[in-house]
file run_6.csv (CSV, C-alpha atoms)
chain,number,residue,atom,x,y,z
A,1,MET,CA,0.0,0.0,0.0
A,2,ILE,CA,1.5,3.3,-1.1
A,3,LYS,CA,1.4,6.0,1.6
A,4,ALA,CA,3.8,8.6,0.1
A,5,VAL,CA,5.5,9.6,-3.2
A,6,LEU,CA,9.0,10.9,-3.5
A,7,PHE,CA,10.3,12.6,-6.6
A,8,ASP,CA,13.6,13.3,-8.3
A,9,PHE,CA,13.8,16.9,-9.4
A,10,ASP,CA,15.7,17.6,-12.6
A,11,GLY,CA,14.0,15.7,-15.5
A,12,THR,CA,11.2,14.4,-13.3
A,13,LEU,CA,9.3,17.4,-11.8
A,14,ALA,CA,11.1,20.2,-13.6
A,15,ASP,CA,12.6,20.7,-17.0
A,16,THR,CA,15.8,22.4,-16.0
A,17,ALA,CA,17.8,21.5,-19.1
A,18,PRO,CA,17.3,24.9,-21.0
A,19,ASP,CA,18.9,26.9,-18.2
A,20,LEU,CA,21.6,24.3,-17.5
A,21,GLY,CA,22.3,24.2,-21.3
A,22,HIS,CA,22.5,28.0,-21.4
A,23,ALA,CA,25.3,27.9,-18.8
A,24,LEU,CA,27.2,25.3,-20.6
A,25,ASN,CA,26.9,27.1,-23.9
A,26,ARG,CA,28.1,30.3,-22.3
A,27,LEU,CA,31.3,28.5,-21.3
A,28,ARG,CA,31.7,27.2,-24.8
A,29,THR,CA,31.2,30.5,-26.6
A,30,VAL,CA,33.7,32.2,-24.4
A,31,ARG,CA,36.2,29.7,-25.5
A,32,GLY,CA,35.4,30.1,-29.2
A,33,LEU,CA,33.3,26.9,-29.5
A,34,SER,CA,29.9,26.6,-31.1
A,35,GLU,CA,26.8,26.2,-29.0
A,36,LEU,CA,25.4,22.7,-28.5
A,37,PRO,CA,21.8,22.0,-29.3
A,38,LEU,CA,19.4,21.4,-26.5
A,39,SER,CA,18.6,17.9,-27.9
A,40,LEU,CA,22.2,16.9,-27.2
A,41,ILE,CA,22.3,18.6,-23.8
A,42,ARG,CA,19.0,17.1,-22.4
A,43,PRO,CA,20.2,13.5,-21.8
A,44,GLN,CA,23.1,14.8,-19.6
A,45,ALA,CA,21.1,17.3,-17.6
A,46,SER,CA,20.3,14.9,-14.8
A,47,ALA,CA,24.1,14.3,-14.3
A,48,GLY,CA,24.6,18.0,-13.4
A,49,SER,CA,27.9,19.7,-13.9
A,50,ARG,CA,29.8,16.5,-14.2
A,51,GLY,CA,27.8,15.2,-17.1
A,52,LEU,CA,27.4,18.5,-18.8
A,53,LEU,CA,31.1,19.5,-18.7
A,54,GLY,CA,31.9,16.0,-19.9
A,55,LEU,CA,29.7,16.6,-22.8
A,56,GLY,CA,30.8,20.1,-23.6
A,57,PHE,CA,34.5,19.8,-23.0
A,58,ASN,CA,35.4,16.1,-22.5
A,59,ILE,CA,36.6,16.8,-19.0
A,60,LYS,CA,35.9,14.9,-15.9
A,61,PRO,CA,36.4,15.2,-12.1
A,62,GLY,CA,40.1,14.8,-11.3
A,63,ASP,CA,41.3,16.3,-14.6
A,64,ASN,CA,43.4,19.4,-14.6
A,65,GLY,CA,41.2,22.5,-14.7
A,66,TYR,CA,38.0,20.6,-13.9
A,67,GLU,CA,37.2,22.3,-10.6
A,68,SER,CA,37.7,25.8,-11.9
A,69,MET,CA,35.6,25.1,-14.9
A,70,ARG,CA,32.9,23.6,-12.7
A,71,ASP,CA,32.9,26.7,-10.5
A,72,GLU,CA,32.6,28.9,-13.6
A,73,PHE,CA,29.7,26.8,-14.9
A,74,LEU,CA,27.9,26.9,-11.6
A,75,ASP,CA,28.3,30.7,-11.4
A,76,CYS,CA,26.8,31.0,-14.9
A,77,TYR,CA,23.9,28.8,-13.9
A,78,THR,CA,23.2,30.8,-10.8
A,79,GLN,CA,22.8,34.0,-12.9
A,80,ARG,CA,20.0,32.3,-14.9
A,81,LEU,CA,18.6,29.8,-12.5
A,82,CYS,CA,14.9,29.9,-13.5
A,83,HIS,CA,14.7,31.8,-16.8
A,84,ASP,CA,13.4,28.9,-19.0
A,85,THR,CA,13.0,26.2,-16.3
A,86,ARG,CA,9.4,25.0,-16.0
A,87,LEU,CA,7.5,22.2,-14.4
A,88,PHE,CA,6.7,19.4,-16.8
A,89,PRO,CA,3.1,19.5,-18.1
A,90,GLY,CA,0.8,17.6,-15.8
A,91,VAL,CA,3.0,17.9,-12.7
A,92,ASN,CA,0.8,20.5,-11.0
A,93,ASN,CA,-2.3,18.4,-11.5
A,94,LEU,CA,-0.5,15.3,-10.2
A,95,LEU,CA,0.6,17.1,-7.1
A,96,ASP,CA,-3.0,18.4,-6.6
A,97,GLN,CA,-4.3,14.9,-6.9
A,98,LEU,CA,-1.9,13.6,-4.3
A,99,HIS,CA,-3.0,16.4,-2.0
A,100,GLN,CA,-6.7,15.5,-2.5
A,101,ARG,CA,-5.8,11.9,-1.6
A,102,ASN,CA,-4.0,13.0,1.5
A,103,LEU,CA,-0.8,11.5,0.3
A,104,PRO,CA,2.4,13.3,1.3
A,105,TRP,CA,5.1,13.9,-1.3
A,106,GLY,CA,8.6,15.0,-1.2
A,107,ILE,CA,11.7,15.8,-3.3
A,108,VAL,CA,15.0,13.9,-3.2
A,109,THR,CA,17.6,15.3,-5.5
A,110,ASN,CA,21.4,15.2,-6.0
A,111,LYS,CA,21.2,18.9,-6.9
A,112,PRO,CA,23.0,21.0,-4.2
A,113,ALA,CA,20.8,23.0,-1.8
A,114,ARG,CA,22.0,26.4,-3.0
A,115,PHE,CA,20.3,25.7,-6.4
A,116,ALA,CA,17.5,23.4,-5.4
A,117,TYR,CA,15.8,25.4,-2.7
A,118,PRO,CA,15.6,28.7,-4.7
A,119,LEU,CA,14.3,26.8,-7.8
A,120,ILE,CA,11.7,24.8,-5.7
A,121,GLU,CA,10.5,28.1,-4.2
A,122,LEU,CA,10.3,29.9,-7.5
A,123,LEU,CA,8.3,27.0,-9.0
A,124,GLY,CA,5.8,27.2,-6.2
A,125,LEU,CA,6.6,23.8,-4.6
A,126,ALA,CA,8.4,24.7,-1.4
A,127,GLN,CA,5.3,25.1,0.8
A,128,LYS,CA,3.6,22.0,-0.7
A,129,ALA,CA,6.4,19.4,-0.3
A,130,ALA,CA,6.4,17.3,2.9
A,131,CYS,CA,10.2,17.1,2.7
A,132,ILE,CA,13.1,18.2,0.5
A,133,VAL,CA,16.5,16.4,0.6
A,134,CYS,CA,19.3,17.9,-1.5
A,135,GLY,CA,22.6,16.4,-2.7
A,136,ASP,CA,24.8,18.1,-0.1
A,137,GLU,CA,22.5,17.4,2.9
A,138,THR,CA,23.5,13.8,3.3
A,139,VAL,CA,26.9,12.1,3.4
A,140,ASN,CA,26.0,10.0,0.3
A,141,ILE,CA,24.1,10.9,-2.9
A,142,LYS,CA,22.1,8.7,-5.2
A,143,PRO,CA,22.5,5.8,-6.2
A,144,HIS,CA,23.2,5.4,-2.4
A,145,PRO,CA,19.9,4.9,-0.5
A,146,GLU,CA,20.8,7.4,2.2
A,147,PRO,CA,18.9,10.4,0.7
A,148,LEU,CA,15.8,8.3,0.1
A,149,LEU,CA,15.9,6.8,3.6
A,150,THR,CA,16.4,10.3,5.0
A,151,ALA,CA,13.3,11.5,3.2
A,152,SER,CA,11.2,8.5,4.4
A,153,HIS,CA,12.3,9.2,8.0
A,154,LYS,CA,11.4,12.9,7.6
A,155,ILE,CA,7.8,12.1,6.5
A,156,ALA,CA,7.5,9.1,8.9
A,157,VAL,CA,6.6,6.7,6.1
A,158,THR,CA,8.1,3.2,5.9
A,159,PRO,CA,10.3,2.9,2.7
A,160,SER,CA,8.3,-0.1,1.5
A,161,HIS,CA,5.2,2.2,1.4
A,162,CYS,CA,6.9,4.8,-0.8
A,163,ILE,CA,7.1,5.2,-4.5
A,164,TYR,CA,10.2,7.0,-6.0
A,165,LEU,CA,9.8,8.5,-9.4
A,166,GLY,CA,12.9,9.4,-11.3
A,167,ASP,CA,14.4,9.7,-14.8
A,168,ASP,CA,17.9,8.2,-14.2
A,169,ILE,CA,19.2,4.7,-13.6
A,170,ARG,CA,20.7,6.0,-10.3
A,171,ASP,CA,17.1,6.7,-9.2
A,172,VAL,CA,16.2,3.1,-9.7
A,173,GLN,CA,19.3,1.8,-8.0
A,174,ALA,CA,18.7,4.1,-5.0
A,175,SER,CA,15.1,3.0,-4.8
A,176,HIS,CA,15.9,-0.7,-4.8
A,177,ALA,CA,18.6,-0.2,-2.2
A,178,ALA,CA,16.2,1.8,0.0
A,179,GLY,CA,13.4,-0.8,-0.3
A,180,MET,CA,11.2,1.5,-2.3
A,181,GLN,CA,9.2,1.0,-5.5
A,182,PRO,CA,10.9,2.7,-8.4
A,183,ILE,CA,9.0,4.1,-11.3
A,184,ILE,CA,10.7,5.6,-14.3
A,185,ALA,CA,9.7,9.0,-15.8
A,186,ARG,CA,10.2,8.1,-19.4
A,187,TYR,CA,9.4,11.7,-20.4
A,188,GLY,CA,12.6,12.8,-18.5
A,189,TYR,CA,16.2,13.0,-19.5
A,190,LEU,CA,17.1,9.3,-19.4
A,191,GLY,CA,20.9,9.9,-19.4
A,192,SER,CA,22.1,6.4,-19.9
A,193,ASP,CA,23.3,4.3,-22.8
A,194,GLN,CA,21.1,1.5,-21.4
A,195,PRO,CA,17.4,1.7,-22.3
A,196,PRO,CA,15.2,2.5,-19.3
A,197,GLU,CA,13.3,-0.7,-19.8
A,198,GLN,CA,16.4,-2.5,-18.7
A,199,TRP,CA,17.1,-0.4,-15.5
A,200,GLY,CA,15.2,-2.8,-13.3
A,201,ALA,CA,11.9,-0.9,-12.6
A,202,GLN,CA,8.6,-2.7,-13.1
A,203,TYR,CA,6.8,0.4,-14.2
A,204,LEU,CA,7.5,3.3,-16.6
A,205,ILE,CA,5.3,6.3,-17.3
A,206,ASP,CA,5.2,8.7,-20.3
A,207,HIS,CA,3.3,11.5,-18.5
A,208,PRO,CA,3.4,12.6,-14.8
A,209,GLU,CA,-0.4,11.9,-14.2
A,210,GLU,CA,0.1,8.3,-15.2
A,211,LEU,CA,1.7,7.8,-11.8
A,212,LEU,CA,-1.8,7.9,-10.2
A,213,ALA,CA,-2.5,4.5,-11.7
A,214,TYR,CA,0.1,3.0,-9.3
A,215,ILE,CA,-1.2,4.5,-6.1

call {"tool": "encode", "arguments": {"input": "run_6.csv", "output": "structure tokens"}}
result
Amino acid sequence: MIKAVLFDFDGTLADTAPDLGHALNRLRTVRGLSELPLSLIRPQASAGSRGLLGLGFNIKPGDNGYESMRDEFLDCYTQRLCHDTRLFPGVNNLLDQLHQRNLPWGIVTNKPARFAYPLIELLGLAQKAACIVCGDETVNIKPHPEPLLTASHKIAVTPSHCIYLGDDIRDVQASHAAGMQPIIARYGYLGSDQPPEQWGAQYLIDHPEELLAYI
């Protein structure tokens, strides 16, 4: 019996790729490189600065210059945090339906708090969420189960009674490790070479409101 729903943020509740992509392309144009199309950027958006800088500059954590480039990227992103970011169509209605059914819902994201909280506030979700767990508020991030277990503790709902909806293979891995039921948001970014049907989740949805069928 499902008693609560937890959500990933980027690529699940909110389409943040346009503003993340704008920050990446600013770094590229400053260096004399052409802008990348949003269609190429979207699959890496859930991976944050690591994935986007890897896409844009073939650079990874530990490489020379990575940290300074990451800081530059995050500064650019901060300046345009919620310019083109929107909730996915159907999200507001889904959350309204959960409220009408007296089902608490929360957000569990790897996004650092300094970006997540302002965005969640600007999108009108801060006062509605039963809990918010950001990527720098626990020792471990997804795919480790700690963030999900922290959320279930905050809302006082046993993990086995929680659904976790996400758009990345790490969301499914974290769900299984936490003892929650994973559902894949197939409308999200799906940043993996492996098809989402092979990630290990029993259910996949193509629109946010389809989640109501599993509650």

call {"tool": "closest_atom_pairs", "arguments": {"input": "run_6.csv", "of": "region 34-67 of chain A", "to": "region 156-173 of chain A", "cutoff": "12 Å", "atoms": "all atoms listed in the file", "output": "tab-separated table"}}
result
residue	atom	partner	partner_atom	distance
A:Arg42	CA	A:Asp167	CA	11.6
A:Pro43	CA	A:Asp168	CA	9.5
A:Gln44	CA	A:Asp168	CA	10.0
A:Ala45	CA	A:Asp168	CA	10.2
A:Ser46	CA	A:Asp168	CA	7.1
A:Ala47	CA	A:Asp168	CA	8.7
A:Gly48	CA	A:Asp168	CA	11.9

call {"tool": "closest_atom_pairs", "arguments": {"input": "run_6.csv", "of": "region 102-131 of chain A", "to": "region 8-11 of chain A", "cutoff": "10 Å", "atoms": "all atoms listed in the file", "output": "JSON lines"}}
result
{"residue": "A:Gly106", "atom": "CA", "partner": "A:Asp8", "partner_atom": "CA", "distance": 8.8}
{"residue": "A:Ile107", "atom": "CA", "partner": "A:Asp8", "partner_atom": "CA", "distance": 5.9}
{"residue": "A:Val108", "atom": "CA", "partner": "A:Asp8", "partner_atom": "CA", "distance": 5.3}
{"residue": "A:Thr109", "atom": "CA", "partner": "A:Asp8", "partner_atom": "CA", "distance": 5.3}
{"residue": "A:Asn110", "atom": "CA", "partner": "A:Asp8", "partner_atom": "CA", "distance": 8.4}
{"residue": "A:Lys111", "atom": "CA", "partner": "A:Asp10", "partner_atom": "CA", "distance": 8.0}
{"residue": "A:Ala116", "atom": "CA", "partner": "A:Phe9", "partner_atom": "CA", "distance": 8.5}
{"residue": "A:Ile120", "atom": "CA", "partner": "A:Phe9", "partner_atom": "CA", "distance": 9.0}

call {"tool": "closest_residue", "arguments": {"input": "run_6.csv", "among": "A:Asn140, A:Leu81, A:Leu33, A:Trp105", "to": "Gln127 (chain A)", "atoms": "only C-alpha atoms"}}
result
A:Trp105

call {"tool": "closest_residue", "arguments": {"input": "run_6.csv", "among": "A:Ala178, A:Leu122, A:Val133, A:Ala17", "to": "Leu149 (chain A)", "atoms": "all atoms listed in the file"}}
result
A:Ala178

call {"tool": "atom_distance", "arguments": {"input": "run_6.csv", "atom1": "CA of Lys142 (chain A)", "atom2": "CA of Ala177 (chain A)"}}
result
10.0 Å

call {"tool": "closest_residue", "arguments": {"input": "run_6.csv", "among": "A:Met69, A:Ala14, A:Tyr214, A:Leu24", "to": "Asn92 (chain A)", "atoms": "all atoms listed in the file"}}
result
A:Ala14

call {"tool": "residues_around", "arguments": {"input": "run_6.csv", "residues": "Ala201 (chain A)", "least_positions_apart": "4", "cutoff": "7 Å", "atoms": "all atoms listed in the file", "output": "PyMOL selection string"}}
result
chain A and resi 172+182-184

call {"tool": "closest_residue", "arguments": {"input": "run_6.csv", "among": "A:Thr150, A:Ser49, A:Ser68, A:Asn58", "to": "Pro112 (chain A)", "atoms": "all atoms listed in the file"}}
result
A:Ser49

call {"tool": "residues_around", "arguments": {"input": "run_6.csv", "residues": "Arg101 (chain A)", "least_positions_apart": "4", "cutoff": "12 Å", "atoms": "only C-alpha atoms", "output": "MDAnalysis selection string"}}
result
chainID A and resid 2:5 94:97 105 212 215

call {"tool": "closest_residue", "arguments": {"input": "run_6.csv", "among": "A:Cys131, A:Leu52, A:Leu204, A:Ala23", "to": "Thr78 (chain A)", "atoms": "only C-alpha atoms"}}
result
A:Ala23

call {"tool": "residues_around", "arguments": {"input": "run_6.csv", "residues": "Leu13 (chain A)", "least_positions_apart": "5", "cutoff": "7 Å", "atoms": "all atoms listed in the file", "output": "MDAnalysis selection string"}}
result
chainID A and resid 8 87:88 91
